[in-house]
Each structure stands twice: as structure tokens, then as C-alpha cells.
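The block underneath contains the structure these notes are about, expressed in C-alpha cells.
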Amino acid sequence: MVFRSVRPVPRRPLPHHEDPGLQPERTVMSWGRTGLATAVVALLLIRWYPSVGVVAFVPVAIAVVGVGLIQLSQRRRYRVQVAGINYEKVAADFWAVFWMTVMAVLIAATGIAGVWLF
Amino acid sequence: MESGEDHSAIPKRKRVPRALRGGNDPDPRFTLANERTFLAWIRTSLALLAGGIAVEAFTHDIFDDTARKVLGTTLLVLGGLLAVSAAGRWLRVETAMRQRRSLPIPLWIPLIALVCAVAAVTVLLAIWVTNGF
């Protein structure tokens with residue numbers, strides 16, 4: 001069996017923009033903060049582990065995957081937003097807003113179920 | 001822009017509601033600001049959700065079962081509604097900007113303030129009644 005050395009693929013450098021308001025930076029960091037807050041709140045759902053067992057980890061796992069996707073898409077988000085600033089046109093990120101809302105509602109629904117069922 | 005030929009990063013539209021396709025593209029700074037406002041509301045919603053779960057988890061000594069569950073559920077429902085309203089407002093603001101209309105006034109902010117105030121006073125009274133002044 002031949003092992004070939006694996007070289008890490010160099011990341012494309014991030015693009016530049018001239019916006020003194022640093023809009024892309026602020027927006028990307030805002031997503032990061034929201035992701036962290038979501039992870040923390042989702043982890044609170046483990047509170048029902050003693051009553052329901054491993055099932056308590058299902059909504060937590062969903063939220064953690066969601067937060068992971070936010071973090072993994074940060075560089076792409078930054079690229080898109082910098083291009084948006086440079087071309088004076090950026091698409092509203094409908095699906096990110098949609099799934100973020102779904103995640104918050106899911107946590108709320110799971111919490112309510114936990115309060116009344118266990 | 002340095003790499004003026006690189007069009008791969010130009011935002012591509014997936015299937016989005018018609019409201020986000022009509023009108024004219026607003027200043028991208030406003031679109032990003034709208035996104036950050038949405039995220040700030042989502043974090044507020046998450047704080048309410050955390051509060052709801054915390055009330056349920058840590059107030060066994062203060063409330064009886066029903067009061068604890070009702071208060072926790074109130075905060076959780078409010079958090080969920082706030083998340084949905086935040087998304088609705090994000091969409092309405094984005095649409096208004098595309099149509100060059102004035103931005104909608106958020107009517108649910110006084111409601112949230114009222115509910116939060118009622119919840120806070122309830123907890124305070126409960127602690128006073130239970131532990132004395």
C-alpha cells in the first residue's frame with residue numbers, strides 16, 4: 001500500500017473591501033455570537049437527561065449541527081458580503097434567516113415539551 | 001476591487017420569496033444591518049428561552065409545580081414567538097427597502113416589554129412572599 005503525503009489545500013485569501021463601517025466583519029461576528037448563544041441554550045436542554053435519557057441529546061445534536069454549519073459557512077458568508085459591498089448589491093440571506101428561526105422555535109418547543117411531559 | 005474578474009463570489013439567488021425579488025436592490029449595507037438586527041432579536045429570543053428553562057430547573061424551592069411550569073412556559077412561548085416575529089420583521093423591512101417604502105414600526109416591542117415586566121414582578125413577589133421582606 002502506497003501512502004502519499006497529504007498536503008493541506010491552501011485556503012483562498014479573503015477578499016478586501018473599502019467599507020469603513022466594516023459591515024461584513026460585524027455581520028459575520030454577529031452570526032458567530034448568535035451561534036454560540038444557540039449552542040449554550042441548546043445545551044441547557046440536557047437538563048432533562050435524568051428523566052428521558054439519551055433522547056435529551058437529539059435536539060441538542062440538531063442545534064449543534066446547525067451551529068456547526070453556521071461556523072463552517074462563515075468564510076463563505078464573509079466572501080459573499082464583501083463582494084456585496086464591492087458590487088453595491090447583496091442578496092438577502094433568506095435561508096440562513098429561515099433556518100436560524102426554525103432552530104430557535106425548535107429549542108422553544110422542546111423546552112415546552114420538557115416542562116410539561118417530564 | 002482587487003480581483004474584479006472573480007464573479008464566483010457574487011451572491012447567487014436561490015429560490016426566495018417573491019417579496020425579495022421585486023423592486024430594486026437596496027444598499028448592501030442596509031441589507032447587512034437588517035440581518036444583524038434580526039440576529040440581535042434572535043439572541044434576545046434565546047435569552048428568554050434560557051430564562052424559561054432556568055425557571056423550570058432552578059425554582060423548585062420558590063414556586064409550586066404549576067406556577068413554575070406556567071412561568072417557564074410563558075418565557076419559552078414568548079421566546080419562540082419573538083424568534084418568529086424577528087424573521088417576519090426581517091422580511092418586512094427587507095421588502096420595504098426593496099420597494100423604497102418607509103420601514104414598518106415593530107408593534108410587538110411594547111408587548112414583549114410588558115410581558116417581561118410582568119414576569120419579573122411575579123418572580124420578585126414570589127420570592128418576597130416565600131422568604132419574607
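We label chains A, B, ... in the order they appear in the C-alpha cells, count residues from 1 in each chain, and number ligands from 1 in the order shown.
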Tell me which protein, DNA and RNA residues are within 12 Å of Leu22 (chain A), counting only C-alpha atoms, leaving out same-chain ones fewer than 2 positions away, and put them as a compact mmCIF listing (two decimals) with all heavy atoms, in the first residue's frame.
```
# COMPACT_ATOMS: atom_id res chain seq x y z
N HIS A 16 -10.79 41.76 -0.19
CA HIS A 16 -10.73 43.05 0.52
C HIS A 16 -11.95 43.88 0.20
O HIS A 16 -12.59 43.70 -0.82
CB HIS A 16 -9.48 43.82 0.10
CG HIS A 16 -8.22 43.10 0.44
ND1 HIS A 16 -7.72 43.07 1.71
CD2 HIS A 16 -7.39 42.36 -0.33
CE1 HIS A 16 -6.61 42.34 1.71
NE2 HIS A 16 -6.40 41.90 0.49
N HIS A 17 -12.25 44.80 1.09
CA HIS A 17 -13.29 45.78 0.79
C HIS A 17 -12.89 47.11 1.39
O HIS A 17 -11.98 47.19 2.21
CB HIS A 17 -14.65 45.32 1.35
CG HIS A 17 -14.68 45.27 2.85
ND1 HIS A 17 -14.97 46.37 3.62
CD2 HIS A 17 -14.44 44.27 3.72
CE1 HIS A 17 -14.91 46.05 4.89
NE2 HIS A 17 -14.59 44.77 4.99
N GLU A 18 -13.58 48.16 0.96
CA GLU A 18 -13.19 49.51 1.38
C GLU A 18 -14.21 50.11 2.33
O GLU A 18 -14.25 51.33 2.50
CB GLU A 18 -13.06 50.41 0.15
CG GLU A 18 -12.07 49.93 -0.90
CD GLU A 18 -10.64 50.22 -0.49
OE1 GLU A 18 -10.43 51.22 0.19
OE2 GLU A 18 -9.76 49.41 -0.83
N ASP A 19 -15.08 49.29 2.90
CA ASP A 19 -16.16 49.85 3.73
C ASP A 19 -15.62 50.25 5.10
O ASP A 19 -15.22 49.39 5.89
CB ASP A 19 -17.28 48.82 3.89
CG ASP A 19 -18.40 49.35 4.75
OD1 ASP A 19 -18.63 50.58 4.72
OD2 ASP A 19 -19.04 48.55 5.46
N PRO A 20 -15.60 51.56 5.42
CA PRO A 20 -15.08 51.97 6.72
C PRO A 20 -15.98 51.51 7.87
O PRO A 20 -15.55 51.48 9.02
CB PRO A 20 -15.04 53.50 6.63
CG PRO A 20 -16.01 53.85 5.55
CD PRO A 20 -16.06 52.70 4.61
N PRO A 24 -19.17 43.73 6.66
CA PRO A 24 -19.04 42.28 6.60
C PRO A 24 -18.50 41.69 7.89
O PRO A 24 -19.01 40.68 8.39
CB PRO A 24 -18.08 42.04 5.43
CG PRO A 24 -18.18 43.27 4.60
CD PRO A 24 -18.42 44.39 5.56
N GLU A 25 -17.48 42.34 8.47
CA GLU A 25 -16.90 41.83 9.73
C GLU A 25 -17.98 41.77 10.81
O GLU A 25 -18.12 40.78 11.52
CB GLU A 25 -15.76 42.73 10.21
CG GLU A 25 -14.44 42.52 9.50
CD GLU A 25 -14.41 43.23 8.15
OE1 GLU A 25 -15.42 43.88 7.78
OE2 GLU A 25 -13.38 43.13 7.45
N ARG A 26 -18.73 42.89 10.93
CA ARG A 26 -19.71 42.95 12.01
C ARG A 26 -20.81 41.92 11.84
O ARG A 26 -21.27 41.31 12.80
CB ARG A 26 -20.30 44.37 12.08
CG ARG A 26 -19.34 45.35 12.73
CD ARG A 26 -19.65 46.77 12.36
NE ARG A 26 -21.00 47.15 12.72
CZ ARG A 26 -21.64 48.20 12.19
NH1 ARG A 26 -21.05 48.93 11.29
NH2 ARG A 26 -22.84 48.49 12.58
N THR A 27 -21.21 41.72 10.57
CA THR A 27 -22.30 40.78 10.34
C THR A 27 -21.84 39.35 10.60
O THR A 27 -22.55 38.56 11.23
CB THR A 27 -22.83 40.95 8.90
OG1 THR A 27 -23.06 42.33 8.66
CG2 THR A 27 -24.12 40.18 8.71
N VAL A 28 -20.63 39.03 10.13
CA VAL A 28 -20.12 37.67 10.34
C VAL A 28 -19.94 37.40 11.85
O VAL A 28 -20.29 36.33 12.35
CB VAL A 28 -18.79 37.49 9.57
CG1 VAL A 28 -18.05 36.26 10.03
CG2 VAL A 28 -19.07 37.38 8.08
N MET A 29 -19.42 38.39 12.58
CA MET A 29 -19.25 38.20 14.03
C MET A 29 -20.60 38.08 14.73
O MET A 29 -20.74 37.35 15.72
CB MET A 29 -18.45 39.36 14.62
CG MET A 29 -16.99 39.32 14.21
SD MET A 29 -16.09 40.72 14.86
CE MET A 29 -15.71 40.12 16.49
N TYR A 78 -18.57 35.74 4.59
CA TYR A 78 -17.74 36.95 4.52
C TYR A 78 -17.45 37.30 3.06
O TYR A 78 -17.57 38.45 2.65
CB TYR A 78 -16.44 36.72 5.31
CG TYR A 78 -15.55 37.92 5.35
CD1 TYR A 78 -15.81 38.97 6.22
CD2 TYR A 78 -14.44 38.02 4.51
CE1 TYR A 78 -14.99 40.09 6.24
CE2 TYR A 78 -13.63 39.13 4.53
CZ TYR A 78 -13.90 40.16 5.41
OH TYR A 78 -13.09 41.26 5.42
N GLN A 81 -20.48 38.73 1.38
CA GLN A 81 -20.81 40.07 1.85
C GLN A 81 -19.80 41.11 1.36
O GLN A 81 -20.18 42.23 1.02
CB GLN A 81 -20.91 40.08 3.38
CG GLN A 81 -22.11 39.23 3.82
CD GLN A 81 -22.28 39.18 5.32
OE1 GLN A 81 -21.46 39.70 6.06
NE2 GLN A 81 -23.34 38.55 5.77
N VAL A 82 -18.52 40.73 1.32
CA VAL A 82 -17.52 41.66 0.79
C VAL A 82 -17.81 41.93 -0.68
O VAL A 82 -17.78 43.09 -1.14
CB VAL A 82 -16.09 41.09 0.96
CG1 VAL A 82 -15.09 41.91 0.17
CG2 VAL A 82 -15.72 41.07 2.44
N ILE A 85 -20.59 44.35 -0.88
CA ILE A 85 -20.18 45.74 -0.64
C ILE A 85 -19.48 46.28 -1.89
O ILE A 85 -19.74 47.39 -2.34
CB ILE A 85 -19.22 45.82 0.58
CG1 ILE A 85 -19.94 45.42 1.88
CG2 ILE A 85 -18.60 47.19 0.70
CD1 ILE A 85 -20.90 46.45 2.41
N ARG B 29 -25.31 47.73 2.56
CA ARG B 29 -25.08 48.00 4.00
C ARG B 29 -26.38 47.89 4.78
O ARG B 29 -26.39 47.42 5.93
CB ARG B 29 -24.47 49.40 4.18
CG ARG B 29 -23.03 49.48 3.69
CD ARG B 29 -22.63 50.89 3.32
NE ARG B 29 -21.46 50.89 2.45
CZ ARG B 29 -21.52 50.70 1.14
NH1 ARG B 29 -22.69 50.54 0.54
NH2 ARG B 29 -20.42 50.66 0.42
N LEU B 32 -27.29 44.21 5.21
CA LEU B 32 -26.49 43.58 6.27
C LEU B 32 -26.92 44.08 7.65
O LEU B 32 -26.97 43.32 8.62
CB LEU B 32 -25.00 43.84 6.05
CG LEU B 32 -24.42 43.24 4.75
CD1 LEU B 32 -22.92 43.45 4.69
CD2 LEU B 32 -24.73 41.76 4.66
N ALA B 33 -27.27 45.37 7.73
CA ALA B 33 -27.73 45.91 9.02
C ALA B 33 -29.04 45.23 9.43
O ALA B 33 -29.24 44.90 10.61
CB ALA B 33 -27.93 47.42 8.91
```
Open item on the list: With only C-alpha atoms considered, list every residue of chain A at most 6 Å from chain B, as a list of chain:residue names.
Closed with: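 Selected residues: A:Thr27, A:Thr34, A:Val41, A:Val80, A:Ala83, A:Ile85, A:Glu88, A:Lys89, A:Val90, A:Ala91, A:Thr101, A:Val105, A:Ala108, A:Ile112.
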Open item on the list: Report, in Å to a single decimal, how far apart CA of Ile62 (chain B) and CA of Val129 (chain B) are.
Closed with: 9.2 Å
